[in-house]
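K.L.:
Contents of coords20.tsv (TSV, C-alpha atoms):
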chain	number	residue	atom	x	y	z
A	1	MET	CA	111.85	-283.10	-29.08
A	2	ILE	CA	111.39	-283.38	-32.84
A	3	THR	CA	108.32	-284.49	-34.77
A	4	VAL	CA	109.15	-285.97	-38.19
A	5	MET	CA	106.27	-285.17	-40.54
A	6	LEU	CA	108.05	-286.08	-43.78
A	7	ASP	CA	106.46	-289.02	-45.60
A	8	PRO	CA	109.02	-291.80	-46.27
A	9	ILE	CA	107.43	-292.16	-49.73
A	10	ILE	CA	108.35	-289.33	-52.11
A	11	PHE	CA	105.73	-290.27	-54.73
A	12	ASN	CA	103.84	-293.21	-56.19
A	13	ILE	CA	103.42	-294.25	-59.81
A	14	GLY	CA	101.05	-297.19	-59.88
A	15	HIS	CA	102.60	-299.90	-57.70
A	16	PHE	CA	106.01	-298.22	-57.80
A	17	ALA	CA	106.94	-296.01	-54.86
A	18	LEU	CA	110.05	-293.84	-54.77
A	19	ARG	CA	111.18	-293.74	-51.16
A	20	TRP	CA	113.61	-291.48	-49.36
A	21	TYR	CA	115.25	-294.59	-47.92
A	22	GLY	CA	116.35	-295.94	-51.29
A	23	LEU	CA	117.39	-292.53	-52.59
A	24	ILE	CA	119.57	-291.80	-49.57
A	25	ILE	CA	121.15	-295.26	-49.54
A	26	VAL	CA	122.10	-294.87	-53.21
A	27	THR	CA	123.57	-291.45	-52.39
A	28	ALA	CA	125.52	-292.87	-49.45
A	29	ILE	CA	126.97	-295.68	-51.56
A	30	SER	CA	127.89	-293.26	-54.35
A	31	VAL	CA	129.73	-290.92	-51.98
A	32	GLY	CA	131.52	-293.84	-50.32
A	33	VAL	CA	132.64	-295.25	-53.67
A	34	TRP	CA	133.80	-291.82	-54.88
A	35	LEU	CA	135.90	-291.31	-51.75
A	36	ALA	CA	137.32	-294.84	-51.90
A	37	ALA	CA	138.31	-294.29	-55.54
A	38	ARG	CA	140.04	-291.06	-54.60
A	39	GLU	CA	141.96	-292.82	-51.83
A	40	ALA	CA	142.83	-295.70	-54.18
A	41	GLU	CA	144.60	-293.26	-56.49
A	42	ARG	CA	146.62	-291.94	-53.56
A	43	LYS	CA	147.55	-295.44	-52.42
A	44	CYS	CA	148.47	-296.55	-55.96
A	45	ILE	CA	145.72	-299.16	-56.21
A	46	GLY	CA	143.88	-297.40	-59.00
A	47	LYS	CA	140.31	-296.13	-59.00
A	48	GLU	CA	139.32	-298.50	-61.82
A	49	GLY	CA	139.93	-301.39	-59.44
A	50	ILE	CA	137.59	-299.83	-56.90
A	51	TYR	CA	134.85	-299.54	-59.49
A	52	ASP	CA	135.29	-303.24	-60.30
A	53	LEU	CA	135.24	-304.04	-56.59
A	54	VAL	CA	131.93	-302.23	-56.10
A	55	ILE	CA	130.13	-304.74	-58.32
A	56	TRP	CA	130.84	-307.42	-55.71
A	57	VAL	CA	130.99	-305.48	-52.46
A	58	VAL	CA	127.76	-303.46	-52.67
A	59	PRO	CA	125.42	-306.43	-53.33
A	60	ALA	CA	127.20	-308.50	-50.66
A	61	GLY	CA	126.92	-305.63	-48.19
A	62	LEU	CA	123.21	-305.14	-48.89
A	63	VAL	CA	122.51	-308.86	-48.54
A	64	GLY	CA	124.45	-309.03	-45.29
A	65	ALA	CA	122.75	-305.92	-43.91
A	66	ARG	CA	119.29	-307.23	-44.73
A	67	LEU	CA	120.06	-310.72	-43.42
A	68	PHE	CA	121.26	-309.43	-40.05
A	69	HIS	CA	118.19	-307.19	-39.75
A	70	VAL	CA	115.77	-310.00	-40.63
A	71	LEU	CA	117.41	-312.37	-38.15
A	72	ASP	CA	117.23	-309.73	-35.43
A	73	HIS	CA	113.53	-309.02	-36.07
A	74	TRP	CA	112.34	-312.43	-37.23
A	75	SER	CA	110.04	-313.22	-34.33
A	76	ASP	CA	108.40	-309.79	-34.00
A	77	ARG	CA	108.11	-308.79	-37.65
A	78	PHE	CA	109.03	-311.33	-40.31
A	79	ALA	CA	107.87	-314.69	-38.92
A	80	ALA	CA	104.22	-313.88	-39.62
A	81	ASP	CA	104.96	-312.67	-43.16
A	82	PRO	CA	108.38	-313.92	-44.38
A	83	ILE	CA	107.95	-312.34	-47.82
A	84	GLN	CA	108.52	-308.93	-46.15
A	85	ALA	CA	112.14	-309.95	-45.70
A	86	PHE	CA	112.61	-309.06	-49.38
A	87	TYR	CA	111.01	-305.59	-49.06
A	88	ILE	CA	114.36	-303.91	-48.60
A	89	TRP	CA	113.07	-300.63	-50.03
A	90	GLU	CA	110.86	-300.15	-46.97
A	91	GLY	CA	113.88	-299.87	-44.69
A	92	GLY	CA	115.68	-302.25	-42.40
A	93	LEU	CA	119.42	-302.67	-42.95
A	94	ALA	CA	121.70	-303.73	-40.09
A	95	ILE	CA	124.96	-301.86	-40.40
A	96	TRP	CA	127.02	-304.68	-38.93
A	97	GLY	CA	125.63	-307.05	-41.55
A	98	GLY	CA	126.58	-304.59	-44.28
A	99	VAL	CA	130.12	-304.25	-42.93
A	100	VAL	CA	130.58	-308.01	-42.56
A	101	GLY	CA	129.14	-308.85	-45.97
A	102	GLY	CA	130.98	-306.08	-47.78
A	103	VAL	CA	134.33	-306.70	-46.10
A	104	LEU	CA	134.22	-310.46	-46.74
A	105	ALA	CA	133.40	-309.86	-50.41
A	106	GLY	CA	136.18	-307.27	-50.61
A	107	ILE	CA	138.75	-309.61	-49.09
A	108	LEU	CA	137.83	-312.44	-51.45
A	109	TYR	CA	137.96	-310.15	-54.48
A	110	ALA	CA	141.26	-308.61	-53.38
A	111	ARG	CA	142.82	-312.06	-53.07
A	112	TYR	CA	141.46	-312.96	-56.50
A	113	ARG	CA	143.04	-309.85	-58.01
A	114	GLY	CA	146.27	-310.18	-56.02
A	115	TRP	CA	145.78	-306.88	-54.19
A	116	PRO	CA	147.20	-306.25	-50.69
A	117	VAL	CA	144.12	-306.86	-48.53
A	118	ALA	CA	145.19	-304.69	-45.58
A	119	ARG	CA	145.93	-301.71	-47.83
A	120	LEU	CA	142.60	-302.12	-49.59
A	121	LEU	CA	140.75	-302.09	-46.25
A	122	ASP	CA	142.56	-298.88	-45.27
A	123	THR	CA	141.59	-297.40	-48.63
A	124	VAL	CA	137.86	-297.98	-48.21
A	125	ALA	CA	137.64	-297.13	-44.48
A	126	PRO	CA	137.03	-293.35	-44.80
A	127	GLY	CA	134.42	-293.78	-47.53
A	128	LEU	CA	132.72	-296.60	-45.63
A	129	VAL	CA	132.20	-294.68	-42.41
A	130	LEU	CA	131.11	-291.54	-44.28
A	131	ALA	CA	128.56	-293.63	-46.19
A	132	GLN	CA	127.31	-294.99	-42.88
A	133	ALA	CA	126.73	-291.45	-41.63
A	134	ILE	CA	124.80	-290.45	-44.76
A	135	GLY	CA	122.79	-293.68	-44.74
A	136	ARG	CA	121.49	-293.02	-41.22
A	137	LEU	CA	119.63	-289.99	-42.60
A	138	ALA	CA	117.33	-292.52	-44.24
A	139	CYS	CA	116.64	-294.09	-40.86
A	140	ILE	CA	115.61	-290.73	-39.43
A	141	ILE	CA	112.98	-290.31	-42.15
A	142	THR	CA	111.78	-293.92	-42.14
A	143	GLY	CA	111.93	-294.44	-38.39
A	144	ASP	CA	113.12	-298.03	-38.76
A	145	SER	CA	115.97	-297.83	-36.24
A	146	VAL	CA	114.78	-295.43	-33.55
A	147	GLY	CA	115.39	-296.37	-29.94
A	148	LYS	CA	113.21	-296.92	-26.94
A	149	PRO	CA	110.30	-294.60	-26.03
A	150	THR	CA	111.56	-291.54	-24.19
A	151	ASN	CA	110.18	-288.61	-22.23
A	152	GLY	CA	113.01	-286.33	-23.26
A	153	PRO	CA	114.87	-284.16	-23.45
A	154	PHE	CA	115.56	-285.38	-26.97
A	155	GLY	CA	113.40	-287.69	-29.06
A	156	LEU	CA	111.82	-288.35	-32.46
A	157	ALA	CA	108.10	-288.83	-33.09
A	158	TYR	CA	106.40	-289.61	-36.41
A	159	THR	CA	103.10	-288.62	-37.99
A	160	SER	CA	103.22	-290.41	-41.37
A	161	PRO	CA	101.42	-293.79	-41.49
A	162	ASN	CA	104.25	-294.99	-43.76
A	163	ALA	CA	106.83	-294.58	-40.99
A	164	VAL	CA	108.19	-297.85	-39.63
A	165	VAL	CA	107.69	-297.16	-35.91
A	166	PRO	CA	105.71	-299.11	-33.31
A	167	GLU	CA	103.34	-296.22	-32.67
A	168	LEU	CA	102.78	-292.81	-34.27
A	169	GLY	CA	103.02	-289.75	-32.06
A	170	VAL	CA	105.27	-291.42	-29.50
A	171	PHE	CA	108.75	-289.99	-28.94
A	172	TYR	CA	111.63	-292.44	-29.31
A	173	ALA	CA	115.33	-292.13	-28.50
A	174	PRO	CA	116.99	-290.63	-31.62
A	175	THR	CA	119.65	-293.32	-32.03
A	176	PRO	CA	120.09	-292.61	-35.78
A	177	ILE	CA	121.11	-289.05	-34.93
A	178	TYR	CA	123.57	-290.32	-32.32
A	179	GLU	CA	125.07	-292.64	-34.93
A	180	ILE	CA	125.41	-289.86	-37.50
A	181	ILE	CA	127.39	-287.82	-34.98
A	182	MET	CA	129.43	-290.91	-34.08
A	183	ASN	CA	130.24	-291.80	-37.69
A	184	LEU	CA	131.18	-288.25	-38.64
A	185	SER	CA	133.50	-288.09	-35.62
A	186	ILE	CA	135.16	-291.36	-36.62
A	187	PHE	CA	135.50	-290.10	-40.18
A	188	ALA	CA	137.23	-286.94	-38.93
A	189	VAL	CA	139.71	-289.03	-36.92
A	190	ILE	CA	140.67	-291.51	-39.63
A	191	TRP	CA	140.72	-288.80	-42.31
A	192	GLN	CA	143.53	-287.15	-40.36
A	193	LEU	CA	145.28	-290.42	-39.51
A	194	ARG	CA	145.44	-291.57	-43.12
A	195	HIS	CA	148.47	-289.32	-43.64
A	196	LYS	CA	150.34	-290.82	-40.68
A	197	ASN	CA	153.00	-293.47	-41.00
A	198	LEU	CA	150.77	-296.37	-40.01
A	199	PRO	CA	151.19	-300.03	-41.03
A	200	ASP	CA	148.78	-301.40	-43.61
A	201	GLY	CA	145.54	-302.45	-41.95
A	202	ALA	CA	145.90	-300.17	-38.91
A	203	LEU	CA	143.60	-297.45	-40.24
A	204	PHE	CA	140.79	-299.92	-40.88
A	205	LEU	CA	141.27	-301.44	-37.42
A	206	ILE	CA	141.12	-297.99	-35.80
A	207	TYR	CA	137.88	-297.30	-37.67
A	208	ILE	CA	136.28	-300.62	-36.75
A	209	LEU	CA	137.38	-300.42	-33.11
A	210	LEU	CA	136.10	-296.88	-32.66
A	211	TYR	CA	132.84	-297.86	-34.32
A	212	SER	CA	132.49	-300.98	-32.16
A	213	GLY	CA	133.12	-299.18	-28.89
A	214	LEU	CA	130.82	-296.25	-29.58
A	215	ARG	CA	128.10	-298.41	-31.16
A	216	PHE	CA	128.14	-300.66	-28.10
A	217	ILE	CA	127.30	-297.64	-25.93
A	218	ILE	CA	124.72	-296.06	-28.23
A	219	THR	CA	122.83	-299.32	-28.66
A	220	PHE	CA	121.82	-299.27	-24.99
A	221	TRP	CA	119.22	-296.72	-26.11
A	222	SER	CA	118.05	-298.88	-29.01
A	223	ALA	CA	114.91	-300.99	-29.13
A	224	TYR	CA	116.71	-304.11	-30.39
A	225	LYS	CA	115.81	-307.27	-28.53
A	226	THR	CA	118.43	-308.79	-26.26
A	227	ILE	CA	119.98	-312.12	-27.22
A	228	ALA	CA	122.39	-313.06	-24.43
A	229	PHE	CA	123.83	-311.47	-21.28
A	230	ASN	CA	121.16	-308.78	-21.61
A	231	LEU	CA	122.92	-307.55	-24.76
A	232	ASN	CA	121.55	-307.24	-28.29
A	233	GLN	CA	122.95	-308.47	-31.60
A	234	SER	CA	124.86	-305.27	-32.33
A	235	GLN	CA	126.48	-305.17	-28.91
A	236	LEU	CA	127.58	-308.81	-29.05
A	237	ILE	CA	129.17	-308.28	-32.46
A	238	SER	CA	130.85	-305.11	-31.17
A	239	LEU	CA	132.35	-307.04	-28.25
A	240	VAL	CA	133.72	-309.75	-30.55
A	241	VAL	CA	135.30	-307.12	-32.81
A	242	LEU	CA	136.85	-305.35	-29.82
A	243	VAL	CA	138.26	-308.56	-28.35
A	244	VAL	CA	139.78	-309.62	-31.68
A	245	GLY	CA	140.65	-306.25	-33.17
A	246	LEU	CA	142.36	-304.48	-30.26
A	247	PRO	CA	145.17	-307.04	-29.78
A	248	TRP	CA	145.57	-307.19	-33.54
A	249	LEU	CA	146.02	-303.41	-33.74
A	250	VAL	CA	148.53	-303.45	-30.87
A	251	TYR	CA	150.48	-306.20	-32.63
A	252	LEU	CA	150.55	-304.29	-35.94
A	253	LEU	CA	151.72	-301.07	-34.29
A	254	ARG	CA	154.43	-302.81	-32.25
A	255	ARG	CA	155.71	-304.75	-35.25
A	256	HIS	CA	155.77	-301.55	-37.31
A	257	LYS	CA	157.62	-299.69	-34.55
A	258	ASN	CA	160.22	-302.45	-34.21
A	259	HIS	CA	160.69	-302.58	-37.97
A	260	TRP	CA	161.19	-298.80	-38.10
A	261	ARG	CA	163.74	-298.98	-35.31
A	262	SER	CA	165.68	-301.74	-37.06
A	263	GLN	CA	165.81	-299.67	-40.23
A	264	THR	CA	167.26	-296.64	-38.39
A	265	ILE	CA	170.00	-298.52	-36.53
Would you write out, as structure tokens, the structure that this file holds?
P.N.:
Amino acid sequence: MITVMLDPIIFNIGHFALRWYGLIIVTAISVGVWLAAREAERKCIGKEGIYDLVIWVVPAGLVGARLFHVLDHWSDRFAADPIQAFYIWEGGLAIWGGVVGGVLAGILYARYRGWPVARLLDTVAPGLVLAQAIGRLACIITGDSVGKPTNGPFGLAYTSPNAVVPELGVFYAPTPIYEIIMNLSIFAVIWQLRHKNLPDGALFLIYILLYSGLRFIITFWSAYKTIAFNLNQSQLISLVVLVVGLPWLVYLLRRHKNHWRSQTI
């Protein structure tokens, strides 16, 4: 059991507060962009294009992440004070919303620039999942995405009044830690697979399918409210992605295999 005594606020200057959440999110985005730019050079897209893409993808991802979080917590947190929906610096970003918003913006921008969309998605996949792992460090400090109360053997409790938890001193399931381990494992897999002879789009699908399956399991320990079928928002999205993405991946791999065979005959 771990007690988090670190204050989510690093320091205050008047009404301005520098928070660990914002600092870590900026770091996560920077690392993700750096890695995507490196991969873009290898895939002959060009890192300058990635830097242009960031201008559209990052804001769209943040808006999507905040929107999904607000919708998920509207009745218990934001309905009484809707203006808090704009207090993004206090924590509260839904990863699925960030992925959906960022990917949609990336696809639209890629089509505008005439880039191969599937190759672009493969390019950003390693940096995206690594950024997700780093970003969850912010959730550990802030406490905004811990799971249900637990009696052990592993949990997180908070002492700072600035922590976003239902109750101080209570141990909660450490779902952010589980997700860090999950994301780093996915990163290790796709980092190795990126050198394999895979069709364009397959690497991104492998990432998103692994993330969906593992996130579906981990979220059983979360405190998110259920929406339908006794499942929460994250789990329902994960199921949709699995149902759509798995057949798509199988199709891509089979088509690639048949094409390779036809070229060798």
K.L.:
Which residues of segment 202-226 of chain A come within 7 Å of segment 120-142 of chain A, and what is each one's closest atom pair and distance in Å (one decimal), counting only C-alpha atoms, sorted by chain and residue number, as a tab-separated table?
P.N.:
residue	atom	partner	partner_atom	distance
A:Leu203	CA	A:Asp122	CA	5.3
A:Phe204	CA	A:Asp122	CA	4.8
A:Tyr207	CA	A:Ala125	CA	6.8
K.L.:
Restricting the calculation to only C-alpha atoms, which member of A:Ile177, A:Arg111, A:Ile206, A:Phe68 is positioned closest to Asn232 of chain A?
P.N.:
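Of the candidates, the smallest distance to Asn232 of chain A is held by A:Phe68.
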K.L.:
Between atom CA of Glu167 of chain A and atom CA of Ile237 of chain A, what is the distance, to one decimal in Å?
P.N.:
28.5 Å
K.L.:
Compare A:Ala105, A:Ile13, A:Leu214, A:Ala163 by their minimum atom-to-atom distance to Pro59 of chain A, counting only C-alpha atoms, and give me the closest one.
P.N.:
A:Ala105
K.L.:
Please identify all polymer residues within 12 Å of Tyr224 of chain A, counting all atoms listed in the file, omitting same-chain residues fewer than 2 positions from it, and present them as an NGL selection string.
P.N.:
:A and (68-76 or 94 or 144-148 or 175 or 218-222 or 226-227 or 230-236)
K.L.:
Save the residues we just selected, C-alpha atoms, as a PDB file, in the coordinates of the input?
P.N.:
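Below is the file selection-v1.pdb, written as the result:
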ATOM      1  CA  PHE A  68     121.260-309.430 -40.050  1.00  0.00           C
ATOM      2  CA  HIS A  69     118.190-307.190 -39.750  1.00  0.00           C
ATOM      3  CA  VAL A  70     115.770-310.000 -40.630  1.00  0.00           C
ATOM      4  CA  LEU A  71     117.410-312.370 -38.150  1.00  0.00           C
ATOM      5  CA  ASP A  72     117.230-309.730 -35.430  1.00  0.00           C
ATOM      6  CA  HIS A  73     113.530-309.020 -36.070  1.00  0.00           C
ATOM      7  CA  TRP A  74     112.340-312.430 -37.230  1.00  0.00           C
ATOM      8  CA  SER A  75     110.040-313.220 -34.330  1.00  0.00           C
ATOM      9  CA  ASP A  76     108.400-309.790 -34.000  1.00  0.00           C
ATOM     10  CA  ALA A  94     121.700-303.730 -40.090  1.00  0.00           C
ATOM     11  CA  ASP A 144     113.120-298.030 -38.760  1.00  0.00           C
ATOM     12  CA  SER A 145     115.970-297.830 -36.240  1.00  0.00           C
ATOM     13  CA  VAL A 146     114.780-295.430 -33.550  1.00  0.00           C
ATOM     14  CA  GLY A 147     115.390-296.370 -29.940  1.00  0.00           C
ATOM     15  CA  LYS A 148     113.210-296.920 -26.940  1.00  0.00           C
ATOM     16  CA  THR A 175     119.650-293.320 -32.030  1.00  0.00           C
ATOM     17  CA  ILE A 218     124.720-296.060 -28.230  1.00  0.00           C
ATOM     18  CA  THR A 219     122.830-299.320 -28.660  1.00  0.00           C
ATOM     19  CA  PHE A 220     121.820-299.270 -24.990  1.00  0.00           C
ATOM     20  CA  TRP A 221     119.220-296.720 -26.110  1.00  0.00           C
ATOM     21  CA  SER A 222     118.050-298.880 -29.010  1.00  0.00           C
ATOM     22  CA  THR A 226     118.430-308.790 -26.260  1.00  0.00           C
ATOM     23  CA  ILE A 227     119.980-312.120 -27.220  1.00  0.00           C
ATOM     24  CA  ASN A 230     121.160-308.780 -21.610  1.00  0.00           C
ATOM     25  CA  LEU A 231     122.920-307.550 -24.760  1.00  0.00           C
ATOM     26  CA  ASN A 232     121.550-307.240 -28.290  1.00  0.00           C
ATOM     27  CA  GLN A 233     122.950-308.470 -31.600  1.00  0.00           C
ATOM     28  CA  SER A 234     124.860-305.270 -32.330  1.00  0.00           C
ATOM     29  CA  GLN A 235     126.480-305.170 -28.910  1.00  0.00           C
ATOM     30  CA  LEU A 236     127.580-308.810 -29.050  1.00  0.00           C
TER      31      LEU A 236
END
